[in-house]
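Next comes model.pdb, with PDB, C-alpha atoms.
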```pdb
MODEL        1
ATOM      1  CA  MET A   1     115.726 104.623  75.984
ATOM      2  CA  PHE A   2     114.262 101.661  74.117
ATOM      3  CA  ASP A   3     115.385  99.002  76.580
ATOM      4  CA  SER A   4     111.948  98.505  78.139
ATOM      5  CA  LEU A   5     110.383  98.240  74.672
ATOM      6  CA  PHE A   6     112.980  95.671  73.553
ATOM      7  CA  ASN A   7     112.451  93.761  76.795
ATOM      8  CA  ALA A   8     108.686  93.727  76.325
ATOM      9  CA  LEU A   9     109.056  92.572  72.726
ATOM     10  CA  GLN A  10     111.374  89.744  73.694
ATOM     11  CA  GLN A  11     109.055  88.610  76.486
ATOM     12  CA  SER A  12     105.950  88.703  74.278
ATOM     13  CA  ALA A  13     103.970  85.618  73.303
ATOM     14  CA  LEU A  14     104.939  86.150  69.664
ATOM     15  CA  ALA A  15     108.625  86.110  70.614
ATOM     16  CA  GLN A  16     108.140  82.849  72.536
ATOM     17  CA  LEU A  17     106.329  81.332  69.565
ATOM     18  CA  LEU A  18     109.041  82.404  67.093
ATOM     19  CA  ASP A  19     111.771  81.199  69.407
ATOM     20  CA  GLY A  20     110.032  77.888  70.047
ATOM     21  CA  SER A  21     111.164  76.137  66.884
ATOM     22  CA  ARG A  22     114.391  76.224  64.929
ATOM     23  CA  TYR A  23     112.415  75.574  61.746
ATOM     24  CA  ILE A  24     110.290  78.686  62.224
ATOM     25  CA  ALA A  25     113.463  80.768  62.626
ATOM     26  CA  ILE A  26     115.042  79.212  59.520
ATOM     27  CA  THR A  27     111.875  79.768  57.462
ATOM     28  CA  VAL A  28     111.672  83.420  58.501
ATOM     29  CA  GLN A  29     115.388  83.899  57.742
ATOM     30  CA  ILE A  30     114.913  82.404  54.276
ATOM     31  CA  PHE A  31     112.016  84.776  53.514
ATOM     32  CA  HIS A  32     114.140  87.680  54.773
ATOM     33  CA  ILE A  33     117.087  86.728  52.561
ATOM     34  CA  LEU A  34     115.038  85.944  49.438
ATOM     35  CA  GLY A  35     113.013  89.143  49.885
ATOM     36  CA  PHE A  36     116.156  91.227  50.311
ATOM     37  CA  VAL A  37     118.022  89.623  47.388
ATOM     38  CA  PHE A  38     115.047  90.267  45.110
ATOM     39  CA  LEU A  39     114.637  93.798  46.487
ATOM     40  CA  LEU A  40     118.317  94.582  45.800
ATOM     41  CA  ALA A  41     117.987  93.116  42.310
ATOM     42  CA  ILE A  42     114.976  95.318  41.516
ATOM     43  CA  VAL A  43     116.698  98.436  42.847
ATOM     44  CA  LEU A  44     119.798  97.475  40.884
ATOM     45  CA  ALA A  45     117.837  96.960  37.640
ATOM     46  CA  LEU A  46     116.113 100.336  38.144
ATOM     47  CA  ALA A  47     119.440 102.062  38.808
ATOM     48  CA  LEU A  48     121.033 100.475  35.730
ATOM     49  CA  ARG A  49     118.165 101.715  33.579
ATOM     50  CA  VAL A  50     118.132 105.217  35.105
ATOM     51  CA  GLN A  51     121.928 105.409  34.589
ATOM     52  CA  ARG A  52     121.466 104.309  30.948
ATOM     53  CA  LEU A  53     123.730 101.332  31.549
ATOM     54  CA  ALA A  54     121.181  98.675  30.540
ATOM     55  CA  LEU A  55     117.759  98.138  28.949
ATOM     56  CA  LEU A  56     117.993 101.260  26.790
ATOM     57  CA  GLY A  57     115.211  99.935  24.553
ATOM     58  CA  SER A  58     112.670 100.410  27.370
ATOM     59  CA  PRO A  59     111.523 103.941  28.257
ATOM     60  CA  VAL A  60     112.783 104.697  31.760
ATOM     61  CA  ALA A  61     109.405 105.813  33.164
ATOM     62  CA  SER A  62     107.629 102.702  31.891
ATOM     63  CA  PHE A  63     110.400 100.395  33.156
ATOM     64  CA  VAL A  64     110.303 101.877  36.649
ATOM     65  CA  GLY A  65     106.491 101.679  36.635
ATOM     66  CA  SER A  66     106.574  98.001  35.612
ATOM     67  CA  LEU A  67     108.710  97.105  38.623
ATOM     68  CA  GLN A  68     106.841  99.237  41.175
ATOM     69  CA  ARG A  69     104.647  96.441  42.561
ATOM     70  CA  ALA A  70     107.493  93.940  42.672
ATOM     71  CA  TYR A  71     109.553  96.539  44.559
ATOM     72  CA  GLN A  72     106.766  97.108  47.094
ATOM     73  CA  ALA A  73     106.129  93.378  47.537
ATOM     74  CA  SER A  74     109.795  92.479  48.086
ATOM     75  CA  LEU A  75     110.264  95.420  50.451
ATOM     76  CA  GLY A  76     107.177  94.307  52.396
ATOM     77  CA  VAL A  77     108.348  90.681  52.635
ATOM     78  CA  SER A  78     111.897  91.563  53.721
ATOM     79  CA  ILE A  79     110.748  94.105  56.331
ATOM     80  CA  ALA A  80     108.029  91.822  57.729
ATOM     81  CA  ALA A  81     110.459  88.893  57.982
ATOM     82  CA  GLY A  82     113.093  91.228  59.457
ATOM     83  CA  VAL A  83     110.692  92.338  62.207
ATOM     84  CA  LEU A  84     109.891  88.684  62.982
ATOM     85  CA  LEU A  85     113.629  87.954  63.260
ATOM     86  CA  PHE A  86     114.130  90.984  65.489
ATOM     87  CA  ILE A  87     111.385  90.288  68.045
ATOM     88  CA  PRO A  88     112.794  87.124  69.725
ATOM     89  CA  ARG A  89     116.275  88.727  69.988
ATOM     90  CA  ALA A  90     115.118  92.308  70.560
ATOM     91  CA  ILE A  91     117.485  93.070  73.450
ATOM     92  CA  ALA A  92     120.624  91.801  71.685
ATOM     93  CA  TYR A  93     119.718  93.207  68.258
ATOM     94  CA  GLY A  94     118.439  96.461  69.731
ATOM     95  CA  ASN A  95     121.845  97.108  71.277
ATOM     96  CA  ASN A  96     123.838  95.923  68.273
ATOM     97  CA  PRO A  97     125.503  98.901  66.476
ATOM     98  CA  ALA A  98     125.340  97.124  63.096
ATOM     99  CA  MET A  99     121.567  96.754  63.540
ATOM    100  CA  PHE A 100     121.294 100.479  64.286
ATOM    101  CA  TYR A 101     123.169 101.355  61.087
ATOM    102  CA  LYS A 102     121.100  98.853  59.111
ATOM    103  CA  VAL A 103     117.850 100.505  60.203
ATOM    104  CA  VAL A 104     119.217 104.011  59.525
ATOM    105  CA  PHE A 105     120.445 103.016  56.037
ATOM    106  CA  LEU A 106     117.181 101.212  55.335
ATOM    107  CA  ILE A 107     115.016 104.216  56.242
ATOM    108  CA  LEU A 108     117.209 106.541  54.163
ATOM    109  CA  ALA A 109     117.197 104.083  51.247
ATOM    110  CA  VAL A 110     113.392 103.806  51.263
ATOM    111  CA  LEU A 111     113.035 107.616  51.333
ATOM    112  CA  VAL A 112     115.603 108.256  48.589
ATOM    113  CA  GLN A 113     114.154 105.428  46.469
ATOM    114  CA  ALA A 114     110.674 106.949  46.839
ATOM    115  CA  PHE A 115     112.094 110.239  45.530
ATOM    116  CA  VAL A 116     113.679 108.409  42.555
ATOM    117  CA  HIS A 117     110.398 106.620  41.757
ATOM    118  CA  ARG A 118     108.408 109.826  41.988
ATOM    119  CA  LYS A 119     110.762 111.820  39.758
ATOM    120  CA  THR A 120     111.020 108.991  37.246
ATOM    121  CA  HIS A 121     107.240 108.668  36.981
ATOM    122  CA  ALA A 122     107.111 112.365  36.121
ATOM    123  CA  LEU A 123     109.367 111.893  33.072
ATOM    124  CA  ALA A 124     107.856 112.026  29.591
ATOM    125  CA  VAL A 125     107.677 108.756  27.614
ATOM    126  CA  GLU A 126     110.999 109.087  25.760
ATOM    127  CA  GLU A 127     112.691 111.406  28.262
ATOM    128  CA  GLU A 128     115.842 110.207  30.018
ATOM    129  CA  ALA A 129     116.792 110.951  33.632
ATOM    130  CA  GLY A 130     118.784 114.136  34.265
ATOM    131  CA  VAL A 131     122.004 114.477  36.237
ATOM    132  CA  VAL A 132     120.306 115.013  39.616
ATOM    133  CA  LEU A 133     118.028 111.992  39.213
ATOM    134  CA  ARG A 134     120.913 109.792  38.071
ATOM    135  CA  ALA A 135     123.075 110.891  41.008
ATOM    136  CA  THR A 136     120.182 110.293  43.403
ATOM    137  CA  SER A 137     119.664 106.842  41.934
ATOM    138  CA  TRP A 138     123.338 105.994  42.578
ATOM    139  CA  PHE A 139     122.969 107.291  46.125
ATOM    140  CA  ALA A 140     119.866 105.135  46.690
ATOM    141  CA  LEU A 141     121.723 102.068  45.429
ATOM    142  CA  LEU A 142     124.639 102.847  47.732
ATOM    143  CA  LEU A 143     122.249 103.114  50.687
ATOM    144  CA  TRP A 144     120.624  99.754  49.822
ATOM    145  CA  PHE A 145     123.999  98.044  49.671
ATOM    146  CA  ALA A 146     125.058  99.752  52.910
ATOM    147  CA  ALA A 147     121.872  98.399  54.541
ATOM    148  CA  GLY A 148     122.685  94.915  53.189
ATOM    149  CA  GLY A 149     126.297  95.147  54.361
ATOM    150  CA  ALA A 150     125.249  96.340  57.832
ATOM    151  CA  GLY A 151     122.735  93.488  57.980
ATOM    152  CA  ARG A 152     125.466  90.999  57.154
ATOM    153  CA  ALA A 153     127.664  92.572  59.849
ATOM    154  CA  ILE A 154     125.058  91.986  62.594
ATOM    155  CA  GLY A 155     126.317  88.446  63.140
ATOM    156  CA  PHE A 156     129.915  89.600  63.489
ATOM    157  CA  VAL A 157     129.610  92.610  65.834
TER
ATOM    158  CA  MET B 158     140.083  63.654  49.233
ATOM    159  CA  TYR B 159     139.328  64.776  52.787
ATOM    160  CA  GLU B 160     143.077  64.956  53.556
ATOM    161  CA  PHE B 161     143.606  66.990  50.383
ATOM    162  CA  PHE B 162     141.037  69.563  51.499
ATOM    163  CA  LEU B 163     142.584  69.647  54.976
ATOM    164  CA  GLN B 164     145.936  70.485  53.389
ATOM    165  CA  ILE B 165     144.391  73.224  51.236
ATOM    166  CA  GLU B 166     142.681  74.677  54.284
ATOM    167  CA  SER B 167     145.959  74.840  56.203
ATOM    168  CA  LEU B 168     147.751  76.846  53.486
ATOM    169  CA  PRO B 169     148.995  80.145  54.963
ATOM    170  CA  VAL B 170     146.621  82.269  52.877
ATOM    171  CA  PHE B 171     143.522  80.397  54.112
ATOM    172  CA  ALA B 172     144.806  80.090  57.685
ATOM    173  CA  ALA B 173     145.310  83.886  57.767
ATOM    174  CA  PHE B 174     141.873  84.361  56.176
ATOM    175  CA  ASN B 175     140.178  82.190  58.814
ATOM    176  CA  GLU B 176     141.851  84.107  61.637
ATOM    177  CA  SER B 177     141.182  87.543  60.179
ATOM    178  CA  LEU B 178     138.604  89.655  61.970
ATOM    179  CA  PHE B 179     137.659  91.750  58.930
ATOM    180  CA  VAL B 180     138.563  89.886  55.733
ATOM    181  CA  TYR B 181     136.136  86.992  56.278
ATOM    182  CA  PRO B 182     133.036  89.194  56.796
ATOM    183  CA  ILE B 183     134.106  91.411  53.867
ATOM    184  CA  ILE B 184     134.493  88.457  51.467
ATOM    185  CA  LEU B 185     131.235  86.973  52.763
ATOM    186  CA  GLY B 186     129.547  90.378  52.296
ATOM    187  CA  ILE B 187     130.795  90.602  48.677
ATOM    188  CA  HIS B 188     129.548  87.039  48.119
ATOM    189  CA  VAL B 189     126.073  87.853  49.448
ATOM    190  CA  LEU B 190     125.836  91.183  47.571
ATOM    191  CA  GLY B 191     127.143  89.455  44.442
ATOM    192  CA  ILE B 192     124.185  87.089  44.777
ATOM    193  CA  ALA B 193     121.896  90.123  44.414
ATOM    194  CA  PHE B 194     123.569  90.930  41.073
ATOM    195  CA  ALA B 195     123.764  87.347  39.878
ATOM    196  CA  VAL B 196     120.734  85.478  41.189
ATOM    197  CA  GLY B 197     118.605  88.588  41.759
ATOM    198  CA  LEU B 198     118.953  89.988  38.240
ATOM    199  CA  LEU B 199     118.657  86.492  36.793
ATOM    200  CA  GLY B 200     115.480  86.142  38.892
ATOM    201  CA  ILE B 201     114.048  89.214  37.146
ATOM    202  CA  VAL B 202     114.936  87.654  33.770
ATOM    203  CA  ASP B 203     113.377  84.331  34.845
ATOM    204  CA  LEU B 204     110.176  86.069  35.939
ATOM    205  CA  ARG B 205     110.036  87.835  32.555
ATOM    206  CA  LEU B 206     110.511  84.520  30.743
ATOM    207  CA  ALA B 207     107.758  83.043  32.911
ATOM    208  CA  ASN B 208     105.595  86.010  31.868
ATOM    209  CA  LEU B 209     105.095  87.079  35.487
ATOM    210  CA  LEU B 210     106.989  90.394  35.438
ATOM    211  CA  LEU B 211     107.789  93.182  32.953
ATOM    212  CA  GLN B 212     105.214  91.903  30.444
ATOM    213  CA  ASP B 213     105.321  95.279  28.646
ATOM    214  CA  HIS B 214     108.941  94.643  27.696
ATOM    215  CA  THR B 215     110.079  92.013  25.209
ATOM    216  CA  GLN B 216     111.928  88.955  26.468
ATOM    217  CA  ARG B 217     114.872  89.881  24.265
ATOM    218  CA  GLU B 218     115.117  93.375  25.802
ATOM    219  CA  VAL B 219     115.195  92.015  29.339
ATOM    220  CA  VAL B 220     117.520  89.059  28.640
ATOM    221  CA  SER B 221     120.026  91.048  26.562
ATOM    222  CA  GLY B 222     119.857  94.133  28.771
ATOM    223  CA  LEU B 223     120.624  92.364  32.025
ATOM    224  CA  ARG B 224     122.874  89.543  30.779
ATOM    225  CA  PRO B 225     126.274  91.307  31.178
ATOM    226  CA  TRP B 226     125.353  92.388  34.691
ATOM    227  CA  PHE B 227     124.246  89.034  36.019
ATOM    228  CA  ILE B 228     127.212  87.306  34.371
ATOM    229  CA  GLY B 229     129.512  89.827  36.118
ATOM    230  CA  GLY B 230     127.701  89.042  39.375
ATOM    231  CA  PHE B 231     128.242  85.317  38.824
ATOM    232  CA  VAL B 232     131.979  85.847  38.362
ATOM    233  CA  ALA B 233     132.116  87.719  41.723
ATOM    234  CA  VAL B 234     130.007  85.034  43.439
ATOM    235  CA  LEU B 235     132.104  82.231  41.966
ATOM    236  CA  LEU B 236     135.443  83.758  42.992
ATOM    237  CA  THR B 237     134.358  84.672  46.533
ATOM    238  CA  GLY B 238     132.463  81.371  46.868
ATOM    239  CA  LEU B 239     135.549  79.392  45.877
ATOM    240  CA  PHE B 240     137.631  81.293  48.416
ATOM    241  CA  LEU B 241     135.046  80.741  51.169
ATOM    242  CA  PHE B 242     134.887  77.036  50.286
ATOM    243  CA  LEU B 243     138.652  76.469  50.226
ATOM    244  CA  ALA B 244     139.101  78.261  53.564
ATOM    245  CA  GLN B 245     136.800  75.713  55.252
ATOM    246  CA  ALA B 246     136.965  72.917  52.701
ATOM    247  CA  SER B 247     137.041  70.015  55.170
ATOM    248  CA  ILE B 248     133.797  71.200  56.786
ATOM    249  CA  TYR B 249     131.974  71.777  53.490
ATOM    250  CA  TYR B 250     133.319  68.554  51.989
ATOM    251  CA  THR B 251     131.408  66.498  54.543
ATOM    252  CA  SER B 252     128.205  68.553  54.320
ATOM    253  CA  TRP B 253     125.318  67.089  52.294
ATOM    254  CA  VAL B 254     123.698  70.536  52.274
ATOM    255  CA  PHE B 255     126.749  72.010  50.547
ATOM    256  CA  TRP B 256     126.821  69.298  47.869
ATOM    257  CA  GLY B 257     123.073  69.685  47.390
ATOM    258  CA  LYS B 258     123.655  73.375  46.748
ATOM    259  CA  ILE B 259     126.441  72.616  44.242
ATOM    260  CA  VAL B 260     124.256  70.078  42.397
ATOM    261  CA  LEU B 261     121.473  72.673  42.088
ATOM    262  CA  ILE B 262     123.912  75.306  40.789
ATOM    263  CA  VAL B 263     125.187  72.848  38.165
ATOM    264  CA  LEU B 264     121.599  71.995  37.168
ATOM    265  CA  ALA B 265     120.784  75.723  36.945
ATOM    266  CA  GLY B 266     123.865  76.155  34.724
ATOM    267  CA  LEU B 267     122.713  73.343  32.423
ATOM    268  CA  ASN B 268     119.257  74.891  32.280
ATOM    269  CA  ALA B 269     120.857  78.242  31.355
ATOM    270  CA  LEU B 270     122.846  76.499  28.617
ATOM    271  CA  TYR B 271     119.676  74.919  27.258
ATOM    272  CA  PHE B 272     117.967  78.313  27.320
ATOM    273  CA  GLU B 273     120.869  80.003  25.493
ATOM    274  CA  ILE B 274     120.634  77.438  22.683
ATOM    275  CA  HIS B 275     116.846  77.797  22.570
ATOM    276  CA  TYR B 276     117.173  81.598  22.725
ATOM    277  CA  ARG B 277     119.576  81.758  19.760
ATOM    278  CA  ARG B 278     117.222  79.602  17.691
ATOM    279  CA  ASN B 279     114.128  81.645  18.548
ATOM    280  CA  GLU B 280     115.568  85.109  19.031
ATOM    281  CA  GLU B 281     113.235  86.674  16.500
ATOM    282  CA  ALA B 282     110.107  85.200  18.098
ATOM    283  CA  LEU B 283     111.243  86.247  21.567
ATOM    284  CA  SER B 284     111.767  89.820  20.322
ATOM    285  CA  ARG B 285     108.060  90.356  19.630
ATOM    286  CA  PRO B 286     106.428  92.913  21.921
ATOM    287  CA  HIS B 287     103.579  90.677  23.058
ATOM    288  CA  SER B 288     104.051  87.044  23.946
ATOM    289  CA  PRO B 289     101.783  84.645  22.054
ATOM    290  CA  GLY B 290     101.225  82.658  25.221
ATOM    291  CA  ARG B 291     100.843  79.155  23.795
ATOM    292  CA  SER B 292     103.445  79.176  21.024
ATOM    293  CA  ARG B 293     106.261  76.681  21.490
ATOM    294  CA  PRO B 294     109.209  79.122  21.864
ATOM    295  CA  PHE B 295     107.351  80.982  24.614
ATOM    296  CA  LEU B 296     106.238  77.862  26.464
ATOM    297  CA  SER B 297     109.797  76.561  26.354
ATOM    298  CA  ALA B 298     111.204  79.891  27.577
ATOM    299  CA  ARG B 299     108.555  79.959  30.306
ATOM    300  CA  ALA B 300     109.460  76.441  31.484
ATOM    301  CA  SER B 301     113.143  77.358  31.428
ATOM    302  CA  GLY B 302     112.520  80.545  33.456
ATOM    303  CA  LEU B 303     110.435  78.752  36.095
ATOM    304  CA  THR B 304     112.965  75.905  36.345
ATOM    305  CA  SER B 305     115.840  78.350  36.778
ATOM    306  CA  LEU B 306     113.916  80.276  39.423
ATOM    307  CA  GLY B 307     113.192  77.044  41.321
ATOM    308  CA  PHE B 308     116.819  75.872  41.220
ATOM    309  CA  TRP B 309     118.185  79.203  42.444
ATOM    310  CA  VAL B 310     115.639  79.660  45.223
ATOM    311  CA  VAL B 311     116.413  76.174  46.575
ATOM    312  CA  ALA B 312     120.173  76.825  46.185
ATOM    313  CA  ILE B 313     119.840  80.006  48.292
ATOM    314  CA  VAL B 314     117.765  78.117  50.869
ATOM    315  CA  LEU B 315     120.450  75.404  51.084
ATOM    316  CA  GLY B 316     123.121  78.119  51.357
ATOM    317  CA  ARG B 317     121.325  79.442  54.416
ATOM    318  CA  LEU B 318     120.879  75.928  55.838
ATOM    319  CA  LEU B 319     124.671  75.449  55.741
ATOM    320  CA  ALA B 320     124.805  77.347  59.010
ATOM    321  CA  TYR B 321     122.507  74.790  60.649
ATOM    322  CA  PHE B 322     123.324  71.357  59.182
TER
ENDMDL
END
```
Would you mind giving the structure from this file in structure tokens?
Amino acid sequence: MFDSLFNALQQSALAQLLDGSRYIAITVQIFHILGFVFLLAIVLALALRVQRLALLGSPVASFVGSLQRAYQASLGVSIAAGVLLFIPRAIAYGNNPAMFYKVVFLILAVLVQAFVHRKTHALAVEEEAGVVLRATSWFALLLWFAAGGAGRAIGFV
Amino acid sequence: MYEFFLQIESLPVFAAFNESLFVYPIILGIHVLGIAFAVGLLGIVDLRLANLLLQDHTQREVVSGLRPWFIGGFVAVLLTGLFLFLAQASIYYTSWVFWGKIVLIVLAGLNALYFEIHYRRNEEALSRPHSPGRSRPFLSARASGLTSLGFWVVAIVLGRLLAYF
């Protein structure tokens, strides 16, 4: 279904530019990895706080709020770099099952994380997260790690 | 030394590991995800020390709150990293990129040691809710945070370059 789109992407001028130098590819990969490591760390820190496993001295709503921009920035960097990595290899990556699972897990993770952020923002200053929010936070973390694991598997499938 | 690493690499456990279809990617996956715990959480701490993130929270809160988690991550990274190294020791042994990465990790460890000593001496000052930006304990913590961040970012970059050089 997407074959013509993947073909067009891989034949595009941008794909030729990105594929033209090994150093461009390495630089983009590094941004992708650093962005994703930092993104996972932020999600992990948020989950630890929501689960009451760390940083109990900081109110949960304020802690989540303090990391909101860093979360958005690291998500933006890792997705943008990921798209740039995808374009020159669109046909191979587009037909790679690990890539498919990565994208599915990523979309689910972003949606579930948005729910966690929204519900956490609604908490009163000293209020802790309830059972549903804590369970959802675990689920979001699981989805992020599944996305990371699927991403790592792309090179092996 | 090269012969020694060749012998290690040919041990049955590492030979089986190198030929395994699933174990290698699983160990590598744990190593990479462990980096998110270890370097990622430490990165958040470093950015707090550098006064670039979580300014509403005291340095002590962030350092003490995340310390057990990033130390746990480092243990996972160290164990899986050692296994990955020994399985292909002769290749890594001759790689300048690998040794560059190890040197940076050692330097980051020394920086962490310096910070721990500094932190113990100035724990009270670092517990204050708002950082007096130019006081010595905060400038020192800031320098330590930025240095640590720099070492780890370059170590990750070199880790990625291992596949190319």
One decimal, Å: what's the distance from atom CA of A:Ile33 over to atom CA of A:Tyr93, could you say?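 Interatomic distance, atom CA of A:Ile33 to atom CA of A:Tyr93: 17.2 Å.
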Please enumerate the residues selected by the PyMOL selection byres ((chain B) within 9 of (chain A)) when evaluated against the supplied file, formatted as a ChimeraX atom specification. /B:178,182-183,185-187,189-190,192-201,210-214,218-219,221-223,225-226,310,313-314,317-318,321
Could you save the residues just selected, with C-alpha atoms, as a short mmCIF file (atom, residue, chain, number, x, y, z; two decimals), in the frame of the given file?
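Now in result24.cif:
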```cif
data_model
loop_
_atom_site.label_atom_id
_atom_site.label_comp_id
_atom_site.auth_asym_id
_atom_site.auth_seq_id
_atom_site.Cartn_x
_atom_site.Cartn_y
_atom_site.Cartn_z
CA LEU B 178 138.60 89.66 61.97
CA PRO B 182 133.04 89.19 56.80
CA ILE B 183 134.11 91.41 53.87
CA LEU B 185 131.24 86.97 52.76
CA GLY B 186 129.55 90.38 52.30
CA ILE B 187 130.79 90.60 48.68
CA VAL B 189 126.07 87.85 49.45
CA LEU B 190 125.84 91.18 47.57
CA ILE B 192 124.18 87.09 44.78
CA ALA B 193 121.90 90.12 44.41
CA PHE B 194 123.57 90.93 41.07
CA ALA B 195 123.76 87.35 39.88
CA VAL B 196 120.73 85.48 41.19
CA GLY B 197 118.60 88.59 41.76
CA LEU B 198 118.95 89.99 38.24
CA LEU B 199 118.66 86.49 36.79
CA GLY B 200 115.48 86.14 38.89
CA ILE B 201 114.05 89.21 37.15
CA LEU B 210 106.99 90.39 35.44
CA LEU B 211 107.79 93.18 32.95
CA GLN B 212 105.21 91.90 30.44
CA ASP B 213 105.32 95.28 28.65
CA HIS B 214 108.94 94.64 27.70
CA GLU B 218 115.12 93.38 25.80
CA VAL B 219 115.20 92.02 29.34
CA SER B 221 120.03 91.05 26.56
CA GLY B 222 119.86 94.13 28.77
CA LEU B 223 120.62 92.36 32.02
CA PRO B 225 126.27 91.31 31.18
CA TRP B 226 125.35 92.39 34.69
CA VAL B 310 115.64 79.66 45.22
CA ILE B 313 119.84 80.01 48.29
CA VAL B 314 117.76 78.12 50.87
CA ARG B 317 121.32 79.44 54.42
CA LEU B 318 120.88 75.93 55.84
CA TYR B 321 122.51 74.79 60.65
#
```
Residue members of the PyMOL selection byres ((chain B and resi 275-282) around 9) in the file shown, as a list in words: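 Here the PyMOL selection byres ((chain B and resi 275-282) around 9) matches Arg217, Leu270, Tyr271, Phe272, Glu273, Ile274, Leu283, Ser284, Arg285, Ser288, Pro294, Phe295, Ser297 and Ala298 of chain B.
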Excluding A:Leu84 and residues on its chain fewer than 5 positions from it, collect all residues at most 12 Å away from it, counting all atoms listed in the file, and give them as an mmCIF file with C-alpha atoms, in the frame of the given file.
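File written: around_17.cif
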```cif
data_model
loop_
_atom_site.group_PDB
_atom_site.id
_atom_site.type_symbol
_atom_site.label_atom_id
_atom_site.label_comp_id
_atom_site.auth_asym_id
_atom_site.auth_seq_id
_atom_site.Cartn_x
_atom_site.Cartn_y
_atom_site.Cartn_z
ATOM 1 C CA LEU A 9 109.056 92.572 72.726
ATOM 2 C CA GLN A 10 111.374 89.744 73.694
ATOM 3 C CA SER A 12 105.950 88.703 74.278
ATOM 4 C CA LEU A 14 104.939 86.150 69.664
ATOM 5 C CA ALA A 15 108.625 86.110 70.614
ATOM 6 C CA GLN A 16 108.140 82.849 72.536
ATOM 7 C CA LEU A 17 106.329 81.332 69.565
ATOM 8 C CA LEU A 18 109.041 82.404 67.093
ATOM 9 C CA ASP A 19 111.771 81.199 69.407
ATOM 10 C CA ILE A 24 110.290 78.686 62.224
ATOM 11 C CA ALA A 25 113.463 80.768 62.626
ATOM 12 C CA ILE A 26 115.042 79.212 59.520
ATOM 13 C CA THR A 27 111.875 79.768 57.462
ATOM 14 C CA VAL A 28 111.672 83.420 58.501
ATOM 15 C CA GLN A 29 115.388 83.899 57.742
ATOM 16 C CA ILE A 30 114.913 82.404 54.276
ATOM 17 C CA PHE A 31 112.016 84.776 53.514
ATOM 18 C CA HIS A 32 114.140 87.680 54.773
ATOM 19 C CA VAL A 77 108.348 90.681 52.635
ATOM 20 C CA SER A 78 111.897 91.563 53.721
ATOM 21 C CA ILE A 79 110.748 94.105 56.331
ATOM 22 C CA ARG A 89 116.275 88.727 69.988
ATOM 23 C CA ALA A 90 115.118 92.308 70.560
#
```
So how many Å separate atom CA of B:Gln245 and atom CA of B:Phe322, to one decimal? 14.7 Å
